[in-house]
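Colleague: Have a look at this one.
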Amino acid sequence: MRNRKAAFHNLGCKVNAYETEAMQQMLEQAGYEIVPFEPGADVYIINTCTVTNVADRKSRQMLHKAKKMNPHAIVVAAGCYVQASREELEKDSSIDIIIGNNKKKDLVHILEHYEQSALEESVIDINHTGEYESLSLSKTMEHTRAYLKVQDGCNQFCSYCIIPYTRGRVRSREKSDVVDEVQSLAANGCREVVLTGIHLSSYGQDLGNGLLDLILAVSQVDGIRRIRLGSLEPRIITEEFVRILSGLPQFCPHFHLSLQSGCDATLKRMNRKYTAEEYYEKCCLIRRYFAHPAITTDVIVGFPGETQEEFEITKAFLDRVNFYETHIFQYSRRKGTRAAKMPNQIPAPVQHERSACLIAAGKRRQLAFEEELCGSETEVLFEESILVDGKQYASGHTKEYVRMLLETGEDLSNCLVKVRVGKERCQGLLLCEKVK
């Protein structure tokens, strides 16, 4: 198996992306040549997703595409779709190996023991394990920014969500292990780390510490200039949490607070553990400690039983909070969840209409937030150089994760630069200039 060509394709969340990159590095260290996801590979690894029906379909499509690109290649299905649909995949002739969650760390061993024409299975009962899967990175493809998985599993059981059944219960990575990885990434030039997890707010509850402890430990690593967080639950936003973060120069005031609905009746059916008013109070607390924080969120439209009145309540609530960005999802009926059995499932045309309405309003709020930055001085971490209409620009993000362009012939990749934000835009992005 050594010196063979392997290709990867990732579907789904940042946690999946991290795991895919870690598996890729494992194969590189084992002597595999990593090649693009195109014809010619000997092994195709698809890290699947099952968060929606669309994700299931895309996972199947990519698995079948891999086998078509090379019928003699070994096709590996890994991840959440495997965990949710094991029996279905066992019958799929396009798939040679299936690997569930918490077994991706064994990829090299599984490939080495694969027998021709025999389906290799490595799927555990994810709902009865307390083990955190040990995966790590020494470098990242983005170079400037690294996404670190520090937590897995979820105990929330929102009525629409299949993920607790595919990822299992909450399991956290040891703080010392995270710090070691951050030190390695920093030594390889990484400036920014993003701490991610399936339910990041639960980090440490099985270890006797918490997310704040981890953030403080990471902030002590030399070379790390920015710390960003993945999606959070509102309950983690306490005065102590926000006050301490506001005192960390590396912390980026970009809070992605999962909402899903601004209507209490809908939230209750979703089994979300807060009210809209409690959520709003958390946003006010953040704005008390940060001058211009970016608060972003996810919203599900067309949840079973959502009346027009409930939708209007959510729409008004989004304006009240005044989010920087809102990620709008149309409800996807997932077999095995409580919501799938609920009455009054909302027709697709109604979902689409409501989604379009919230997306349009969200774009207006996003532009308004960015316009408030015009004329101010801020710091941008530049990531790459791009060419637009014959002009070269450096592209990067502020701490609030607002993307900026700076016209320059210099290669500013991985450089932190103080800039003044202008009013002009290029391809929808704000232009800035260096502060002399």
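Order determines the names: the first chain of the structure tokens is A, the second B, and so forth; residues in each chain are numbered 1 upward, and ligands are numbered 1 upward as they are shown.
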Could you list, with a cut-off of 6 Å and counting only C-alpha atoms, the residues of range 56-175 of chain A near range 29-50 of chain A, each shown with its nearest atom pair and the distance in Å rounded to one decimal, rows sorted by chain and ascending number, as JSON lines?

Modeller:
```
{"residue": "A:Asp56", "atom": "CA", "partner": "A:Thr50", "partner_atom": "CA", "distance": 5.1}
{"residue": "A:Ser59", "atom": "CA", "partner": "A:Thr48", "partner_atom": "CA", "distance": 5.4}
{"residue": "A:Met69", "atom": "CA", "partner": "A:Pro39", "partner_atom": "CA", "distance": 4.7}
{"residue": "A:Ala73", "atom": "CA", "partner": "A:Asp42", "partner_atom": "CA", "distance": 4.7}
{"residue": "A:Ile74", "atom": "CA", "partner": "A:Val43", "partner_atom": "CA", "distance": 4.7}
{"residue": "A:Val75", "atom": "CA", "partner": "A:Tyr44", "partner_atom": "CA", "distance": 4.9}
{"residue": "A:Val76", "atom": "CA", "partner": "A:Ile45", "partner_atom": "CA", "distance": 4.7}
{"residue": "A:Ala77", "atom": "CA", "partner": "A:Ile46", "partner_atom": "CA", "distance": 5.3}
{"residue": "A:Ala78", "atom": "CA", "partner": "A:Asn47", "partner_atom": "CA", "distance": 4.8}
{"residue": "A:Gly79", "atom": "CA", "partner": "A:Thr48", "partner_atom": "CA", "distance": 5.2}
{"residue": "A:Cys80", "atom": "CA", "partner": "A:Cys49", "partner_atom": "CA", "distance": 5.2}
{"residue": "A:Tyr81", "atom": "CA", "partner": "A:Thr50", "partner_atom": "CA", "distance": 4.8}
```

Colleague: Quick one: everything within 7 Å of Gln260 in chain A, counting only C-alpha atoms, minus sequence neighbours fewer than 5 positions away in the same chain. Send it as a ChimeraX atom specification.

Modeller: /A:298-300

Colleague: Write out as a JSON list (two decimals) with N, CA and C atoms, in the first residue's frame which residues come within 7 Å of range 146-157 of chain A when counting only C-alpha atoms, dropping same-chain ones fewer than 6 positions away.

Modeller:
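So the final result, stored in part_19.json, reads:
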```
[["chain", "number", "residue", "atom", "x", "y", "z"],
["A", 15, "VAL", "N", -15.26, 20.83, 11.81],
["A", 15, "VAL", "CA", -14.74, 19.66, 12.51],
["A", 15, "VAL", "C", -14.37, 18.59, 11.48],
["A", 18, "TYR", "N", -11.19, 19.58, 9.70],
["A", 18, "TYR", "CA", -10.01, 19.31, 10.54],
["A", 18, "TYR", "C", -9.64, 17.84, 10.47],
["A", 140, "THR", "N", -1.06, 23.41, 8.63],
["A", 140, "THR", "CA", -2.39, 23.54, 8.06],
["A", 140, "THR", "C", -2.29, 24.07, 6.65],
["A", 164, "PRO", "N", -26.25, 14.12, 17.50],
["A", 164, "PRO", "CA", -25.92, 13.36, 18.71],
["A", 164, "PRO", "C", -25.88, 11.85, 18.48],
["A", 167, "ARG", "N", -22.40, 11.39, 16.37],
["A", 167, "ARG", "CA", -21.17, 11.85, 17.01],
["A", 167, "ARG", "C", -21.05, 11.39, 18.47],
["A", 168, "GLY", "N", -22.16, 10.91, 19.04],
["A", 168, "GLY", "CA", -22.10, 10.41, 20.41],
["A", 168, "GLY", "C", -22.16, 11.51, 21.45],
["A", 169, "ARG", "N", -21.81, 11.13, 22.71],
["A", 169, "ARG", "CA", -21.89, 12.08, 23.82],
["A", 169, "ARG", "C", -20.65, 12.97, 23.87],
["A", 170, "VAL", "N", -20.72, 13.98, 24.71],
["A", 170, "VAL", "CA", -19.66, 14.98, 24.81],
["A", 170, "VAL", "C", -18.35, 14.34, 25.28],
["A", 171, "ARG", "N", -17.30, 14.61, 24.50],
["A", 171, "ARG", "CA", -15.95, 14.16, 24.84],
["A", 171, "ARG", "C", -14.99, 15.30, 24.52],
["A", 172, "SER", "N", -14.10, 15.60, 25.43],
["A", 172, "SER", "CA", -13.19, 16.74, 25.25],
["A", 172, "SER", "C", -11.75, 16.29, 25.13],
["A", 173, "ARG", "N", -11.01, 17.08, 24.43],
["A", 173, "ARG", "CA", -9.58, 16.82, 24.25],
["A", 173, "ARG", "C", -8.81, 17.42, 25.41],
["A", 178, "VAL", "N", -4.07, 20.00, 23.31],
["A", 178, "VAL", "CA", -4.41, 21.14, 22.45],
["A", 178, "VAL", "C", -3.26, 22.13, 22.41],
["A", 190, "CYS", "N", 1.85, 29.56, 11.81],
["A", 190, "CYS", "CA", 0.43, 29.88, 11.97],
["A", 190, "CYS", "C", 0.25, 31.04, 12.94],
["A", 192, "GLU", "N", -3.11, 32.41, 13.60],
["A", 192, "GLU", "CA", -4.47, 32.44, 14.16],
["A", 192, "GLU", "C", -5.00, 31.02, 14.32],
["A", 193, "VAL", "N", -5.62, 30.76, 15.47],
["A", 193, "VAL", "CA", -6.26, 29.45, 15.68],
["A", 193, "VAL", "C", -7.75, 29.66, 15.94],
["A", 194, "VAL", "N", -8.54, 28.73, 15.41],
["A", 194, "VAL", "CA", -9.98, 28.73, 15.61],
["A", 194, "VAL", "C", -10.34, 27.45, 16.36],
["A", 195, "LEU", "N", -10.82, 27.58, 17.58],
["A", 195, "LEU", "CA", -11.19, 26.41, 18.38],
["A", 195, "LEU", "C", -12.58, 25.96, 17.98],
["A", 196, "THR", "N", -12.71, 24.71, 17.56],
["A", 196, "THR", "CA", -13.99, 24.20, 17.07],
["A", 196, "THR", "C", -14.36, 22.90, 17.77],
["A", 197, "GLY", "N", -15.62, 22.55, 17.66],
["A", 197, "GLY", "CA", -16.12, 21.30, 18.21],
["A", 197, "GLY", "C", -17.54, 21.08, 17.75],
["A", 198, "ILE", "N", -18.07, 19.89, 18.00],
["A", 198, "ILE", "CA", -19.46, 19.62, 17.66],
["A", 198, "ILE", "C", -20.39, 20.42, 18.56],
["A", 199, "HIS", "N", -20.05, 20.52, 19.84],
["A", 199, "HIS", "CA", -20.77, 21.39, 20.79],
["A", 199, "HIS", "C", -19.73, 22.05, 21.67],
["A", 200, "LEU", "N", -19.06, 23.05, 21.09],
["A", 200, "LEU", "CA", -17.89, 23.67, 21.68],
["A", 200, "LEU", "C", -18.14, 24.17, 23.10],
["A", 203, "TYR", "N", -17.12, 22.05, 26.04],
["A", 203, "TYR", "CA", -15.73, 21.65, 26.23],
["A", 203, "TYR", "C", -15.38, 21.61, 27.72]]
```

Colleague: Quick one: residues within 10 Å of range 305-309 of chain A, only C-alpha atoms, excluding same-chain residues fewer than 2 positions away - as a list in words?

Modeller: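 Answer for this query is Ser261, Cys263, Ala265, Thr266, Arg269, Val301, Gly302, Phe303, Phe311, Glu312, Ile313, Thr314, Lys315, Ala339, Met342, Pro343, Asn344, Gln345, Ile346, Val350, Gln351 and Arg354 of chain A.
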
Colleague: Could the residues in this selection be written to a file with C-alpha atoms, as a PDB file, in the first residue's frame?

Modeller:
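Listing of out_39.pdb after writing:
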```pdb
ATOM      1  CA  SER A 261     -35.495  30.706  15.989  1.00  0.00           C
ATOM      2  CA  CYS A 263     -39.861  32.654  18.658  1.00  0.00           C
ATOM      3  CA  ALA A 265     -42.900  28.557  20.916  1.00  0.00           C
ATOM      4  CA  THR A 266     -40.672  27.341  18.077  1.00  0.00           C
ATOM      5  CA  ARG A 269     -40.555  22.527  19.933  1.00  0.00           C
ATOM      6  CA  VAL A 301     -36.965  28.394   8.702  1.00  0.00           C
ATOM      7  CA  GLY A 302     -39.975  26.193   8.125  1.00  0.00           C
ATOM      8  CA  PHE A 303     -39.619  24.118  11.274  1.00  0.00           C
ATOM      9  CA  PHE A 311     -41.997  33.416  11.405  1.00  0.00           C
ATOM     10  CA  GLU A 312     -42.730  37.156  11.707  1.00  0.00           C
ATOM     11  CA  ILE A 313     -41.648  37.032  15.366  1.00  0.00           C
ATOM     12  CA  THR A 314     -38.330  35.497  14.317  1.00  0.00           C
ATOM     13  CA  LYS A 315     -37.880  38.039  11.541  1.00  0.00           C
ATOM     14  CA  ALA A 339     -39.136  16.629  14.601  1.00  0.00           C
ATOM     15  CA  MET A 342     -44.171  16.226  14.266  1.00  0.00           C
ATOM     16  CA  PRO A 343     -47.428  17.326  12.619  1.00  0.00           C
ATOM     17  CA  ASN A 344     -47.762  20.374  10.367  1.00  0.00           C
ATOM     18  CA  GLN A 345     -44.626  19.876   8.275  1.00  0.00           C
ATOM     19  CA  ILE A 346     -44.101  23.080   6.272  1.00  0.00           C
ATOM     20  CA  VAL A 350     -43.279  28.231   2.006  1.00  0.00           C
ATOM     21  CA  GLN A 351     -39.839  27.374   3.394  1.00  0.00           C
ATOM     22  CA  ARG A 354     -39.348  32.558   4.184  1.00  0.00           C
TER      23      ARG A 354
END
```

Colleague: If DSSP is run on the backbone, what residues of range 169-394 of chain A are strand (DSSP E)? A reply as an NGL selection string would be ideal.

Modeller: :A and (171-172 or 192-197 or 226-229 or 254-256 or 294-301 or 325-330 or 377-388 or 391-394)

Colleague: What does the structure give for the distance between CA of Met404 in chain A and CA of Leu430 in chain A, in Å to one decimal?

Modeller: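 Interatomic distance here is 5.2 Å.
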
Colleague: Measure the distance from CA of Gln330 in chain A to CA of Val54 in chain A in Å and round it to one decimal.

Modeller: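 These atoms are spaced 11.0 Å apart.
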